[in-house]
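Report on one structure; see the data block that follows.
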Amino acid sequence: MDIKNNILEAIGETPLVRLNKVVPDGAAKILVKCEFMNPAGSIKDRMAAHIIKKAEERGDLKPGGVIVENTSGNTGMGIAMAAAVKGYRCVFTMPDKMSQEKINMMRAFGAEVIITPTDVPGDSPEHYVNRAKAIAAETPGAFYVNQYHSPDNIEAHYLTSGPEILRQTDGKFDAFMGPTGTGGTVSGISKAIKEKAPHVRTIGVDILGSVHFHLFHTGTMPTPYVYKVEGIGEDIKCDAMDFTHVDDMVQVNDRDSLLMARRLVKEEGLFCGGSCGSVIHAAVEYAKTLGPDKTIVAILADSGSRYISKHLSDDWMRDNGMLEKGEDLGLVEDLLQDADRAVHTVAPTDPIQHVIARMRQYGVSQMPIVANGSRPETIVHEVDVLRALHSGKASYSSPVSEVANPIGGLVYPKARIEELFPILENDRVAVVVDANKLVGVVSQIDLVDFLAKRQPQHN
């Protein structure tokens with residue numbers, strides 16, 4: 001008989017499966033480690049169970065204790081599952097860009113989930129990492145998991161994931177590729193692989209907007225920005241991302257990642273998440289360069305069950321400019337460089353009369369409202385002024401803050417131009433921000449002009 005004492009004993013020993021349809025002819029073979037088949041649906045089950053076990057052994061986590069962590073969802077679910085088995089209370093902080101499915105699943109395990117803003121600097125008290133640290137510090141009996149900086153994160157994959165891959169392949173493969181979130185997965189597996197099969201090339205996969213790629217290649221911190229794919233990348237330097245045994249780092253974008261994730265479901269029958277698309281898109285590109293006699297092992301980190309309302313939804317993909325047909329139009333920063341226009345703003349205390357004069361002077365129909373050089377949170381459009389004056393809500397001497405509206409379309413220079421389409425349909429302009437500073441405003445006519453210049457000219 002093979003009976004598990006509890007669900008935690010079912011973690012690991014996930015299958016290795018060959019990809020067939022998404023890999024082109026003449027490319028290397030790609031084998032995927034199906035980590036989405038772990039009990040709570042992701043590779044993070046391994047790390048969660050290991051970190052809790054080590055904390056209990058050290059006495060950092062005692063019966064009746066509270067587990068606190070910042071998570072993008074997968075670690076939270078792994079911890080919440082383990083806590084349910086062991087009888088601990090959980091409190092998680094989570095960025096607001098994460099799927100509702102993840103929030104609901106963690107709460108189903110009995111965890112308390114606190115949602116924090118995504119687009120804040122890494123040193124902000126509202127950043128989900130700092131919020132978790134503060135909660136842990138003020139909660140009696142709390143154990144802060146600290147997955148981003150814990151050596152136990154790396155050790156979990158060094159002891160389990162890496163040896164499994166080596167055993168399943170007999171060490172007969174040429175490259176390993178995995179997603180870099182906290183970094184523990186790639187760091188731990190790469191370390192285990194290099195000890196037994198030093199010929200294997202280990203490659204981390206990062207997402208545009210994250211810091212790992214830049215850190216690996218330059219050793220310096222770039223300015224991170226928001227991206228759509230969940231479970232990959234980070235906006236802070238993580239001690240669990242140890243580059244010692246990593247040979248290379250490659251980078252992919254949101255659209256390529258999510259389209260490949262959808263292909264994995266529809267063509268390979270692998271019900272996996274968005275970061276899986278990131279890894280496999282990169283793996284397919286690398287496989288083309290290696291040739292048919294080589295083998296790549298790649299990680300499929302989590303399940304698609306937590307993304308039903310996101311990249312597995314045609315409406316969500318369309319709303320986020322991921323299903324636009326035609327040629328790739330480039331990045332927003334390309335459009336800004338092409339336009340080469342100054343950015344005009346007003347202060348919250350500026351009178352409406354002054355704002356009208358500036359709009360007339362610069363020939364614009366809207367202006368972001370900026371206080372003390374900070375990132376703009378509100379904007380005023382001509383129609384906002386018109387409605388306020390007509391209704392009597394405000395007068396010419398009223399401060400513009402009284403007629404301001406929240407910015408509905410905030411984007412980053414590295415966003416794809418296709419992502420502007422739904423913004424310009426629903427909000428009148430897109431406001432471009434980098435490093436929490438305003439760098440541009442894109443209107444519909446700006447986009448039209450940009451596209452017109454790309455068209456062949458006819459006499």
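Ordering of the structure tokens sets the chain letters (A, B, ...), residue numbers begin anew at 1 in every chain, and ligands are numbered from 1 in the order given.
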Residues near region 216-224 of chain A, anyone? I mean within 9 Å using only C-alpha atoms, not counting same-chain ones fewer than 5 positions away, as a list in words.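 Returned residues: Pro121, Leu208, Gly209, Ser210, Val211, Glu234, Asp235, Ile236, Lys237, Phe243, Asp248, Met249, Asp434 and Ala435 of chain A.
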Store the residues picked out above, limited to N, CA and C atoms, as a short mmCIF file (atom, residue, chain, number, x, y, z; two decimals), in the first residue's frame.
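As written to disk, selection-v1.cif reads:
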data_model
loop_
_atom_site.label_atom_id
_atom_site.label_comp_id
_atom_site.auth_asym_id
_atom_site.auth_seq_id
_atom_site.Cartn_x
_atom_site.Cartn_y
_atom_site.Cartn_z
N PRO A 121 7.29 52.25 -5.15
CA PRO A 121 8.71 51.93 -5.09
C PRO A 121 8.99 50.82 -4.07
N LEU A 208 10.27 41.28 -19.05
CA LEU A 208 10.52 42.71 -19.21
C LEU A 208 9.80 43.49 -18.12
N GLY A 209 10.52 44.34 -17.43
CA GLY A 209 9.97 45.08 -16.30
C GLY A 209 10.56 44.65 -14.99
N SER A 210 11.13 43.45 -14.97
CA SER A 210 11.78 42.91 -13.77
C SER A 210 13.25 43.33 -13.72
N VAL A 211 13.90 43.03 -12.60
CA VAL A 211 15.27 43.49 -12.40
C VAL A 211 16.34 42.42 -12.62
N GLU A 234 10.79 40.32 -10.50
CA GLU A 234 10.71 41.01 -9.22
C GLU A 234 11.18 42.44 -9.40
N ASP A 235 10.76 43.32 -8.45
CA ASP A 235 11.16 44.72 -8.53
C ASP A 235 12.18 45.08 -7.45
N ILE A 236 12.68 44.06 -6.73
CA ILE A 236 13.72 44.27 -5.74
C ILE A 236 14.83 43.23 -5.95
N LYS A 237 16.00 43.50 -5.40
CA LYS A 237 17.09 42.53 -5.45
C LYS A 237 16.82 41.45 -4.42
N PHE A 243 23.23 34.00 -8.58
CA PHE A 243 23.66 33.80 -9.96
C PHE A 243 24.89 32.89 -10.08
N ASP A 248 23.39 31.94 -17.87
CA ASP A 248 22.86 33.03 -18.68
C ASP A 248 21.47 33.41 -18.17
N MET A 249 21.04 34.59 -18.55
CA MET A 249 19.69 35.07 -18.23
C MET A 249 19.11 35.67 -19.50
N ASP A 434 7.78 56.58 -15.64
CA ASP A 434 8.97 55.76 -15.45
C ASP A 434 9.64 56.19 -14.16
N ALA A 435 9.98 55.20 -13.31
CA ALA A 435 10.61 55.49 -12.01
C ALA A 435 9.77 56.48 -11.21
#
What's the 12 Å shell around Arg46 (chain A), counting only C-alpha atoms, without same-chain residues fewer than 2 positions away, as a count of residues only? 45
For Tyr148 (chain A), which of A:Cys90, A:Leu451, A:Val23, A:Met47 is the closest residue, counting only C-alpha atoms? A:Met47
Env of region 394-396 of chain A: 10 Å cut, atoms = only C-alpha atoms, seq-sep filter 6 positions within chain, self excluded. Answer as a count of residues only. 12
Mind checking DSSP for region 75-299 of chain A and telling me the alpha helix (DSSP H) residues as a PyMOL selection string? chain A and resi 75-86+100-108+128-138+151-156+162-169+184-196+212-218+254-268+274-290
Thr182 (chain A) environment, 8 Å, only C-alpha atoms, sequence neighbours closer than 6 positions dropped, as JSON, numbers by chain: {"A": [147, 148, 149, 232, 233, 234, 238, 240, 241]}
How many Å separate CA of Val91 (chain A) from CA of Glu377 (chain A)? 29.3 Å
So which residues touch region 107-120 of chain A within 8 Å, counting only C-alpha atoms, skipping near sequence neighbours fewer than 5 positions away, as a ChimeraX atom specification? /A:77,80-81,84,89-97,126-128,225-226,436
Skipping near chain neighbours, those fewer than 2 positions away, what residues fall within 10 Å of Arg255 (chain A) using only C-alpha atoms, listed as an MDAnalysis selection string? chainID A and resid 228:229 252:253 257:261 274 277:278 311 317 320:323 416 418:419
Could those residues be written to a file, using C-alpha atoms, as a compact mmCIF listing (two decimals), in the first residue's frame?
# COMPACT_ATOMS: atom_id res chain seq x y z
CA LYS A 228 1.24 41.61 -16.70
CA VAL A 229 2.63 38.08 -16.24
CA VAL A 252 10.75 37.89 -22.70
CA ASN A 253 7.75 40.21 -22.90
CA SER A 257 4.63 34.87 -22.66
CA LEU A 258 0.85 34.84 -22.50
CA LEU A 259 0.29 33.73 -26.07
CA MET A 260 2.63 30.78 -25.51
CA ALA A 261 0.89 29.95 -22.22
CA GLY A 274 1.58 32.63 -17.61
CA GLY A 277 4.61 30.68 -21.30
CA SER A 278 7.58 32.93 -20.53
CA HIS A 311 -4.73 35.38 -19.78
CA MET A 317 -6.32 39.44 -23.46
CA ASN A 320 -4.86 44.37 -22.58
CA GLY A 321 -3.85 44.59 -26.23
CA MET A 322 -2.55 41.01 -26.39
CA LEU A 323 -4.75 39.78 -29.25
CA ARG A 416 3.83 47.54 -26.10
CA GLU A 418 -0.81 47.72 -28.70
CA GLU A 419 -1.56 48.16 -25.00
Report the residues of region 101-317 of chain A whose backbone DSSP state falls under strand (DSSP E or B), written as a VMD selection string. chain A and resid 112 to 116 142 to 144 175 to 179 201 to 208 210 248 to 252 272 295 to 300 302 to 303
Export of prior selection with C-alpha atoms as an mmCIF file, in the first residue's frame:
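Below is the file that was written, again33.cif:
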data_model
loop_
_atom_site.group_PDB
_atom_site.id
_atom_site.type_symbol
_atom_site.label_atom_id
_atom_site.label_comp_id
_atom_site.auth_asym_id
_atom_site.auth_seq_id
_atom_site.Cartn_x
_atom_site.Cartn_y
_atom_site.Cartn_z
ATOM 1 C CA GLU A 112 -6.027 36.370 5.689
ATOM 2 C CA VAL A 113 -5.060 38.258 2.517
ATOM 3 C CA ILE A 114 -4.167 41.974 2.508
ATOM 4 C CA ILE A 115 -4.053 43.633 -0.922
ATOM 5 C CA THR A 116 -1.412 46.328 -1.520
ATOM 6 C CA ALA A 142 4.751 35.633 14.105
ATOM 7 C CA PHE A 143 7.176 33.890 11.761
ATOM 8 C CA TYR A 144 8.093 35.917 8.676
ATOM 9 C CA ALA A 175 20.237 22.897 -20.942
ATOM 10 C CA PHE A 176 17.977 23.778 -18.039
ATOM 11 C CA MET A 177 15.618 26.781 -18.133
ATOM 12 C CA GLY A 178 13.392 28.108 -15.375
ATOM 13 C CA PRO A 179 11.516 31.244 -14.278
ATOM 14 C CA ARG A 201 23.923 25.042 -19.456
ATOM 15 C CA THR A 202 21.595 26.693 -16.912
ATOM 16 C CA ILE A 203 19.515 29.678 -18.007
ATOM 17 C CA GLY A 204 17.156 31.885 -16.014
ATOM 18 C CA VAL A 205 14.139 33.439 -17.729
ATOM 19 C CA ASP A 206 13.049 36.939 -16.706
ATOM 20 C CA ILE A 207 10.172 39.187 -17.792
ATOM 21 C CA LEU A 208 10.520 42.708 -19.213
ATOM 22 C CA SER A 210 11.779 42.913 -13.770
ATOM 23 C CA ASP A 248 22.862 33.034 -18.679
ATOM 24 C CA MET A 249 19.694 35.074 -18.226
ATOM 25 C CA VAL A 250 17.221 35.822 -21.019
ATOM 26 C CA GLN A 251 14.211 38.118 -21.108
ATOM 27 C CA VAL A 252 10.753 37.891 -22.700
ATOM 28 C CA CYS A 272 -0.318 25.864 -16.829
ATOM 29 C CA THR A 295 17.626 18.403 -25.061
ATOM 30 C CA ILE A 296 16.300 21.229 -22.869
ATOM 31 C CA VAL A 297 14.581 20.703 -19.516
ATOM 32 C CA ALA A 298 12.207 23.535 -18.589
ATOM 33 C CA ILE A 299 10.039 24.286 -15.568
ATOM 34 C CA LEU A 300 6.255 24.723 -15.766
ATOM 35 C CA ASP A 302 2.128 26.779 -11.802
ATOM 36 C CA SER A 303 -1.399 25.894 -12.835
#
For Ala28 (chain A), which residue out of A:Ala452, A:Ala287, A:Ala371, A:Val364 is the nearest one, using only C-alpha atoms?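 Of the candidates, the smallest distance to Ala28 (chain A) is held by A:Ala287.
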Using only C-alpha atoms, which of the listed residues (A:Asp293, A:Asp328, A:Glu333, A:Asp384) sits closest to Lys172 (chain A)?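 For Lys172 (chain A), the nearest of the given residues is A:Asp293.
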Considering only C-alpha atoms, state which residue in the set A:Leu335, A:Val433, A:Ile103, A:Val22 is at the smallest distance from Gly269 (chain A). A:Val22
In terms of the shortest atom-to-atom distance over only C-alpha atoms, which of A:Leu336, A:Val432, A:Leu329, A:Val186 is closest to His245 (chain A)?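 Residue with the minimum atom-to-atom distance to His245 (chain A): A:Val186.
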